[in-house]
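Engineer: Contents are compact mmCIF, C-alpha atoms and all ligand atoms; file name structure.txt:
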```txt
# COMPACT_ATOMS: atom_id res chain seq x y z
CA MET A 1 18.17 -0.98 24.81
CA SER A 2 17.06 0.40 21.44
CA ALA A 3 13.51 -0.40 20.41
CA PHE A 4 14.44 -0.27 16.72
CA ARG A 5 15.63 -3.01 14.40
CA ILE A 6 16.85 -2.50 10.84
CA GLY A 7 16.82 -5.18 8.14
CA LEU A 8 18.30 -5.55 4.67
CA GLY A 9 16.86 -7.51 1.75
CA TYR A 10 18.09 -8.34 -1.74
CA ASP A 11 16.61 -10.35 -4.60
CA ILE A 12 17.28 -11.03 -8.26
CA HIS A 13 15.22 -12.89 -10.87
CA ARG A 14 15.89 -13.76 -14.50
CA LEU A 15 13.79 -12.23 -17.26
CA THR A 16 12.11 -14.65 -19.60
CA SER A 17 9.47 -14.69 -22.33
CA GLY A 18 5.97 -15.91 -21.59
CA ARG A 19 5.84 -14.53 -18.04
CA THR A 20 3.87 -11.58 -16.69
CA LEU A 21 6.02 -8.82 -15.19
CA VAL A 22 4.93 -8.03 -11.63
CA LEU A 23 6.82 -5.45 -9.58
CA GLY A 24 5.65 -4.12 -6.24
CA GLY A 25 2.36 -5.92 -6.84
CA VAL A 26 1.71 -4.06 -10.10
CA THR A 27 1.37 -5.92 -13.39
CA ILE A 28 3.45 -3.95 -15.89
CA PRO A 29 3.11 -4.39 -19.66
CA HIS A 30 6.48 -5.64 -20.94
CA GLU A 31 7.75 -8.14 -23.52
CA GLN A 32 9.24 -10.29 -20.75
CA GLY A 33 8.49 -11.19 -17.15
CA LEU A 34 10.50 -12.44 -14.20
CA ASP A 35 10.94 -16.18 -13.86
CA GLY A 36 10.27 -17.90 -10.56
CA HIS A 37 8.15 -20.23 -8.47
CA SER A 38 5.93 -17.38 -7.22
CA ASP A 39 4.97 -14.32 -9.28
CA ALA A 40 8.73 -13.56 -9.02
CA ASP A 41 8.14 -9.99 -7.83
CA CYS A 42 11.75 -9.27 -6.87
CA LEU A 43 10.90 -5.87 -5.37
CA SER A 44 8.37 -7.37 -2.96
CA HIS A 45 10.73 -10.26 -2.16
CA ALA A 46 13.55 -7.87 -1.20
CA ILE A 47 11.12 -5.97 1.05
CA ALA A 48 9.92 -9.21 2.68
CA ASP A 49 13.49 -10.27 3.42
CA ALA A 50 14.27 -6.85 4.90
CA ILE A 51 11.31 -7.19 7.28
CA LEU A 52 12.13 -10.78 8.20
CA GLY A 53 15.78 -9.90 8.70
CA ALA A 54 14.97 -6.97 10.96
CA ALA A 55 12.83 -9.28 13.09
CA GLY A 56 15.62 -11.86 13.27
CA LEU A 57 13.52 -14.38 11.36
CA PRO A 58 14.69 -16.81 8.63
CA ASP A 59 14.57 -15.53 5.03
CA ILE A 60 11.63 -16.01 2.66
CA GLY A 61 13.24 -19.10 1.13
CA HIS A 62 12.74 -20.79 4.50
CA ILE A 63 9.22 -19.52 5.11
CA PHE A 64 7.97 -19.93 1.53
CA PRO A 65 10.11 -22.74 0.03
CA ASN A 66 10.14 -22.79 -3.78
CA THR A 67 9.79 -26.57 -3.59
CA ASP A 68 6.37 -26.24 -1.96
CA PRO A 69 3.53 -26.51 -4.51
CA ARG A 70 1.33 -24.33 -2.25
CA TYR A 71 3.49 -21.34 -3.17
CA LYS A 72 3.54 -21.96 -6.93
CA GLY A 73 2.42 -18.76 -8.64
CA ILE A 74 1.67 -17.14 -5.27
CA ASN A 75 0.95 -13.40 -5.28
CA SER A 76 3.94 -11.95 -3.45
CA GLN A 77 1.66 -9.53 -1.59
CA GLU A 78 0.62 -12.59 0.43
CA ILE A 79 4.30 -13.16 1.26
CA LEU A 80 4.56 -9.53 2.42
CA LYS A 81 1.45 -9.79 4.59
CA GLU A 82 2.74 -12.95 6.22
CA SER A 83 6.17 -11.37 6.78
CA VAL A 84 4.60 -8.38 8.56
CA GLN A 85 2.48 -10.81 10.58
CA ALA A 86 5.54 -12.89 11.52
CA ALA A 87 7.37 -9.74 12.69
CA SER A 88 4.27 -8.68 14.60
CA GLU A 89 4.18 -12.02 16.39
CA ARG A 90 7.71 -11.27 17.58
CA GLY A 91 6.49 -7.93 18.93
CA TYR A 92 7.58 -5.63 16.11
CA ARG A 93 5.65 -3.16 14.01
CA LEU A 94 6.86 -1.86 10.68
CA VAL A 95 7.95 1.81 10.66
CA ASN A 96 9.12 2.36 7.08
CA ILE A 97 10.56 0.74 3.99
CA ASP A 98 13.02 1.98 1.43
CA ALA A 99 13.81 0.05 -1.73
CA THR A 100 15.73 0.34 -4.97
CA LEU A 101 14.77 -1.58 -8.08
CA ILE A 102 17.45 -2.15 -10.71
CA ALA A 103 15.94 -2.72 -14.13
CA GLU A 104 17.06 -1.61 -17.58
CA ALA A 105 13.49 -1.42 -18.91
CA PRO A 106 10.61 -0.61 -18.88
CA LYS A 107 10.20 2.82 -17.29
CA ILE A 108 9.12 2.35 -13.68
CA ALA A 109 8.20 5.93 -12.75
CA PRO A 110 4.64 5.76 -14.19
CA HIS A 111 3.91 2.79 -11.89
CA LEU A 112 5.38 4.06 -8.61
CA LYS A 113 2.13 5.47 -7.28
CA ASP A 114 0.28 2.18 -7.89
CA MET A 115 3.12 0.18 -6.35
CA LYS A 116 3.08 2.31 -3.21
CA ALA A 117 -0.70 1.95 -2.88
CA ILE A 118 -0.55 -1.85 -3.18
CA LEU A 119 2.47 -2.16 -0.89
CA SER A 120 0.83 0.18 1.62
CA ALA A 121 -2.18 -2.16 1.82
CA SER A 122 0.01 -5.26 2.14
CA LEU A 123 2.40 -3.79 4.69
CA GLY A 124 -0.13 -1.85 6.75
CA ILE A 125 1.86 1.40 6.67
CA PRO A 126 1.08 4.67 4.85
CA ALA A 127 2.31 5.06 1.27
CA GLU A 128 4.35 8.05 2.52
CA ASP A 129 6.42 5.61 4.56
CA ILE A 130 7.35 3.52 1.54
CA GLY A 131 10.29 4.65 -0.59
CA ILE A 132 10.82 3.12 -4.02
CA LYS A 133 13.55 4.21 -6.35
CA ALA A 134 14.30 2.72 -9.73
CA THR A 135 17.58 2.85 -11.59
CA THR A 136 19.06 1.18 -14.65
CA ASN A 137 22.36 -0.69 -14.63
CA GLU A 138 23.74 1.52 -17.43
CA GLY A 139 23.79 -1.41 -19.86
CA ILE A 140 26.30 -3.27 -17.69
CA ASP A 141 26.17 -6.96 -16.76
CA ASP A 142 23.11 -9.22 -16.89
CA ILE A 143 20.74 -6.60 -15.49
CA GLY A 144 21.99 -4.04 -18.01
CA GLN A 145 21.62 -6.62 -20.78
CA LYS A 146 17.95 -7.13 -19.77
CA ARG A 147 18.49 -10.70 -18.62
CA ALA A 148 17.48 -10.00 -15.01
CA MET A 149 16.06 -7.49 -12.54
CA ALA A 150 17.17 -7.02 -8.95
CA ALA A 151 16.02 -5.11 -5.89
CA HIS A 152 17.50 -3.97 -2.61
CA ALA A 153 15.42 -2.95 0.40
CA VAL A 154 15.76 -1.85 3.99
CA ALA A 155 13.07 -2.06 6.64
CA LEU A 156 12.85 -0.39 10.03
CA LEU A 157 10.92 -2.15 12.77
CA GLU A 158 9.99 -0.78 16.18
CA LYS A 159 9.31 -2.88 19.25
CA ALA A 160 5.59 -2.51 19.88
CA THR A 161 4.77 -1.18 23.32
CA ALA A 162 1.72 -2.68 24.99
MG MG B 1 12.65 -13.94 -5.19
```
Could the structure of this file be written out as structure tokens, please?

Structural biologist:
Amino acid sequence: MSAFRIGLGYDIHRLTSGRTLVLGGVTIPHEQGLDGHSDADCLSHAIADAILGAAGLPDIGHIFPNTDPRYKGINSQEILKESVQAASERGYRLVNIDATLIAEAPKIAPHLKDMKAILSASLGIPAEDIGIKATTNEGIDDIGQKRAMAAHAVALLEKATA
């Protein structure tokens, strides 16, 4: 039986005024931020769901309900740490992550190195094992019209051997 498990995650949040934009744990200067119960870091949420999915666990909405006041404004790096921990409790260690952020603006490239460093610390894997791509939506649909940002992610887990 294969010792590997792959997981897929997706998340989308609306952009709104008066919120701080946080992506991959990095606060990015921008005229709008993502709306949500937590810091609304859609990139980190997609990664968390990929990890949880690979481990066969319920999604982050189940583990961190947005009706629970304890998670109001939570730093999503805490969600990532707990997701890795939950997978670890099921006997899996994280091998690598790959993610794509879809955002019309601002430019993400200048922040990739910082994102990888923060995610590396949260996930407990080297920055080299974290892929982050960013693309625009070519002006199409709500993401293209700067009303939302979305992210897709995959995670590979390996059954830990004692
Ligand atoms: Mg989310």

Engineer: Quick check, in Å to one decimal: how far apart do atom CA of A:Asp142 and atom CA of A:Ser17 lie?

Structural biologist: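 So the answer is 15.7 Å.
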
Engineer: Could you jot down the atom CA of A:Ile143 to atom CA of A:Leu21 separation for me, Å, one decimal place?

Structural biologist: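 A separation of 14.9 Å between them.
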
Engineer: Report as JSON, numbers by chain which protein, DNA and RNA residues come within 12 Å of ligand MG 1 (chain B), using all atoms listed in the file.

Structural biologist: {"A": [9, 10, 11, 12, 13, 14, 22, 23, 34, 35, 36, 37, 38, 39, 40, 41, 42, 43, 44, 45, 46, 47, 48, 49, 59, 60, 61, 62, 64, 65, 66, 71, 73, 74, 75, 76, 79, 80, 148, 149, 150, 151, 152]}

Engineer: Which one is closest to A:His111: A:Asn137, A:Ile6, A:Ile28, A:Thr161? Count only C-alpha atoms.

Structural biologist: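 For A:His111, the nearest of the candidates is A:Ile28.
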
Engineer: Would you write out, as a tab-separated table, a table of all residues in stretch 39-105 of chain A that have an atom no more than 8 Å from an atom of stretch 113-132 of chain A, listing for each the closest atom pair and the distance in Å to one decimal, considering all atoms listed in the file and ordering rows by chain and rising residue number?

Structural biologist:
```
residue	atom	partner	partner_atom	distance
A:Gln77	CA	A:Ser122	CA	5.9
A:Glu78	CA	A:Ser122	CA	7.6
A:Leu80	CA	A:Ser122	CA	6.2
A:Lys81	CA	A:Ser122	CA	5.3
A:Val84	CA	A:Leu123	CA	6.4
A:Leu94	CA	A:Ile125	CA	7.2
A:Val95	CA	A:Ile125	CA	7.3
A:Asn96	CA	A:Asp129	CA	4.9
A:Ile97	CA	A:Ile130	CA	4.9
A:Asp98	CA	A:Gly131	CA	4.3
A:Ala99	CA	A:Ile132	CA	4.9
A:Thr100	CA	A:Ile132	CA	5.7
A:Leu101	CA	A:Ile132	CA	7.4
```

Engineer: Using the file's own x, y and z axes, so that the box edges lie along x, y and z, what centre and edge lengths in Å (one decimal) does a box around every listed atom of stretch 8-12 of chain A get when 8 Å is added on each side? Give it as AutoDock Vina command-line options.

Structural biologist:
```
--center_x 17.5 --center_y -8.3 --center_z -1.8 --size_x 17.7 --size_y 21.5 --size_z 28.9
```

Engineer: Could you list as a list of chain:residue names every residue that has an atom within 9 Å of (15.2, -1.7, 9.7), using the file's coordinates and counting only C-alpha atoms?

Structural biologist: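 Every polymer residue passing the test: A:Phe4, A:Arg5, A:Ile6, A:Gly7, A:Leu8, A:Ala50, A:Ile51, A:Gly53, A:Ala54, A:Ala55, A:Leu94, A:Val95, A:Asn96, A:Ile97, A:Val154, A:Ala155, A:Leu156, A:Leu157, A:Glu158.
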
Engineer: Please dump the current selection as a PDB file, keeping the file's coordinate frame; keep C-alpha atoms.

Structural biologist:
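Okay, this is what ended up in selection_7.pdb:
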```pdb
ATOM      1  CA  PHE A   4      14.440  -0.270  16.720  1.00  0.00           C
ATOM      2  CA  ARG A   5      15.630  -3.010  14.400  1.00  0.00           C
ATOM      3  CA  ILE A   6      16.850  -2.500  10.840  1.00  0.00           C
ATOM      4  CA  GLY A   7      16.820  -5.180   8.140  1.00  0.00           C
ATOM      5  CA  LEU A   8      18.300  -5.550   4.670  1.00  0.00           C
ATOM      6  CA  ALA A  50      14.270  -6.850   4.900  1.00  0.00           C
ATOM      7  CA  ILE A  51      11.310  -7.190   7.280  1.00  0.00           C
ATOM      8  CA  GLY A  53      15.780  -9.900   8.700  1.00  0.00           C
ATOM      9  CA  ALA A  54      14.970  -6.970  10.960  1.00  0.00           C
ATOM     10  CA  ALA A  55      12.830  -9.280  13.090  1.00  0.00           C
ATOM     11  CA  LEU A  94       6.860  -1.860  10.680  1.00  0.00           C
ATOM     12  CA  VAL A  95       7.950   1.810  10.660  1.00  0.00           C
ATOM     13  CA  ASN A  96       9.120   2.360   7.080  1.00  0.00           C
ATOM     14  CA  ILE A  97      10.560   0.740   3.990  1.00  0.00           C
ATOM     15  CA  VAL A 154      15.760  -1.850   3.990  1.00  0.00           C
ATOM     16  CA  ALA A 155      13.070  -2.060   6.640  1.00  0.00           C
ATOM     17  CA  LEU A 156      12.850  -0.390  10.030  1.00  0.00           C
ATOM     18  CA  LEU A 157      10.920  -2.150  12.770  1.00  0.00           C
ATOM     19  CA  GLU A 158       9.990  -0.780  16.180  1.00  0.00           C
TER      20      GLU A 158
END
```

Engineer: From the set A:His30, A:Lys72, A:Arg90, A:Arg147, which residue has the shortest atom-to-atom contact distance to A:Gly56, counting all atoms listed in the file?

Structural biologist: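 Checking each of A:His30, A:Lys72, A:Arg90, A:Arg147 against A:Gly56, counting all atoms listed in the file, the winner is A:Arg90.
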
Engineer: Which distance in Å separates atom CA of A:Ala86 and atom CA of A:Ile102, to one decimal?

Structural biologist: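 Computing it gives 27.4 Å between the two atoms.
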
Engineer: Name the closest residue to A:Glu31 among the candidates A:Ile140, A:Ala87, A:Ala105, A:Ala134; distances are taken between atoms, counting all atoms listed in the file.

Structural biologist: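 Ranking A:Ile140, A:Ala87, A:Ala105, A:Ala134 by distance to A:Glu31, first place goes to A:Ala105.
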
Engineer: Which of these residues is nearest to A:Thr16, using only C-alpha atoms: A:Gly91, A:Gly33, A:Pro69, A:Pro58?

Structural biologist: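 Going through A:Gly91, A:Gly33, A:Pro69, A:Pro58 one by one, the smallest distance to A:Thr16 is for A:Gly33.
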
Engineer: Give the answer as one residue: which of A:Lys146, A:Lys107, A:Arg93, A:Arg70 has the shortest atom-to-atom distance to A:Lys133, using all atoms listed in the file?

Structural biologist: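 Closest candidate: A:Lys107.
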
Engineer: Would you please work out which residue, of A:Asp68, A:Glu104, A:Asp141, A:Glu82, is nearest to A:Leu52 when using only C-alpha atoms?

Structural biologist: A:Glu82
